[in-house]
Amino acid sequence: MFLALAVLTIRLEGGGALPVVHFINAASRNNPAPINLQIKAGGKWRGSPQLSPGQDYGIRVEVDDVYFVVAVFGLRFTEFHAYEPARDKGRAAVYWRADNGGFAISHDKTHWKPVATWESE
């Protein structure tokens, strides 16, 4: 009982819920290929979602882990850190938008910074 209360107290003092990293498939509707993601953190696979055009996938993250992503879009691929504590800690959400050029990051869904471009070799 005491341990549960202590964990709850730490969670509340630490800002509540864990942050969510969103992956949004904003690629051209003319290219109906899904985007396949492989998400890894702390040496463990955390998910492998397949994003259809227009789909938004969210995953809660541990604030002290780096989340590494490999994305495949048809015959193209890229990799990036979806969550980095030094960059993202303290934010409620991190947004990643995939389009025909690659992935861009935002913390407000308004200002996007290109980070990872699609590669073919």
# chains A, B, ... in the order shown; residues from 1 in each chain; ligands from 1
call {"tool": "select_by_dssp", "arguments": {"residues": "chain A", "states": "strand (DSSP E)", "output": "number ranges by chain"}}
result
A: 20-25, 35-41, 44-47, 50-51, 56-60, 67-73, 76-83, 93-99, 102-106, 113-117
call {"tool": "write_last_selection", "arguments": {"atoms": "C-alpha atoms", "output": "compact mmCIF listing (two decimals), in the first residue's frame"}}
result
# COMPACT_ATOMS: atom_id res chain seq x y z
CA VAL A 20 2.84 10.74 -26.05
CA VAL A 21 4.80 10.53 -29.28
CA HIS A 22 2.53 10.79 -32.34
CA PHE A 23 3.35 9.52 -35.81
CA ILE A 24 1.20 10.98 -38.58
CA ASN A 25 1.16 9.65 -42.14
CA ILE A 35 4.41 3.45 -43.61
CA ASN A 36 5.79 0.67 -41.43
CA LEU A 37 7.46 1.67 -38.16
CA GLN A 38 9.71 -0.33 -35.85
CA ILE A 39 10.04 1.37 -32.45
CA LYS A 40 12.75 0.41 -29.96
CA ALA A 41 13.69 1.82 -26.53
CA LYS A 44 13.27 -3.67 -26.24
CA TRP A 45 10.87 -3.46 -29.17
CA ARG A 46 8.01 -1.15 -28.21
CA GLY A 47 5.81 -1.52 -31.27
CA GLN A 50 1.60 0.22 -39.91
CA LEU A 51 0.28 3.70 -40.76
CA ASP A 56 -2.17 9.13 -36.47
CA TYR A 57 -0.56 6.59 -34.13
CA GLY A 58 0.40 7.54 -30.58
CA ILE A 59 2.62 5.76 -28.07
CA ARG A 60 3.27 6.72 -24.44
CA TYR A 67 13.05 5.92 -28.66
CA PHE A 68 14.66 4.82 -31.92
CA VAL A 69 12.53 4.36 -35.04
CA VAL A 70 13.15 2.66 -38.36
CA ALA A 71 10.50 3.58 -40.94
CA VAL A 72 9.88 1.90 -44.28
CA PHE A 73 7.73 3.48 -47.01
CA ARG A 76 12.43 3.81 -49.12
CA PHE A 77 13.50 3.91 -45.47
CA THR A 78 14.80 6.24 -42.78
CA GLU A 79 15.70 6.14 -39.09
CA PHE A 80 15.61 8.71 -36.31
CA HIS A 81 15.17 9.24 -32.57
CA ALA A 82 11.46 9.82 -32.04
CA TYR A 83 11.96 10.76 -28.39
CA ALA A 93 3.59 15.42 -26.74
CA VAL A 94 6.02 15.09 -29.62
CA TYR A 95 4.61 14.98 -33.16
CA TRP A 96 6.23 13.35 -36.17
CA ARG A 97 4.74 13.97 -39.61
CA ALA A 98 5.75 11.71 -42.48
CA ASP A 99 5.34 12.96 -46.02
CA GLY A 102 10.61 12.16 -44.94
CA PHE A 103 9.83 12.93 -41.28
CA ALA A 104 9.51 16.31 -39.58
CA ILE A 105 9.18 17.00 -35.83
CA SER A 106 6.94 19.45 -33.97
CA LYS A 113 11.35 20.91 -38.61
CA PRO A 114 12.50 18.33 -41.21
CA VAL A 115 14.72 15.74 -39.49
CA ALA A 116 14.91 12.50 -41.48
CA THR A 117 14.71 12.13 -45.26
call {"tool": "select_by_dssp", "arguments": {"residues": "chain A", "states": "helix (DSSP H, G or I)", "output": "list in words"}}
result
Phe2, Leu3, Ala4, Leu5, Ala6, Val7, Leu8, Thr9, Ile10, Arg11, Leu12, Glu13, Pro85, Ala86, Arg87 and Asp88 of chain A
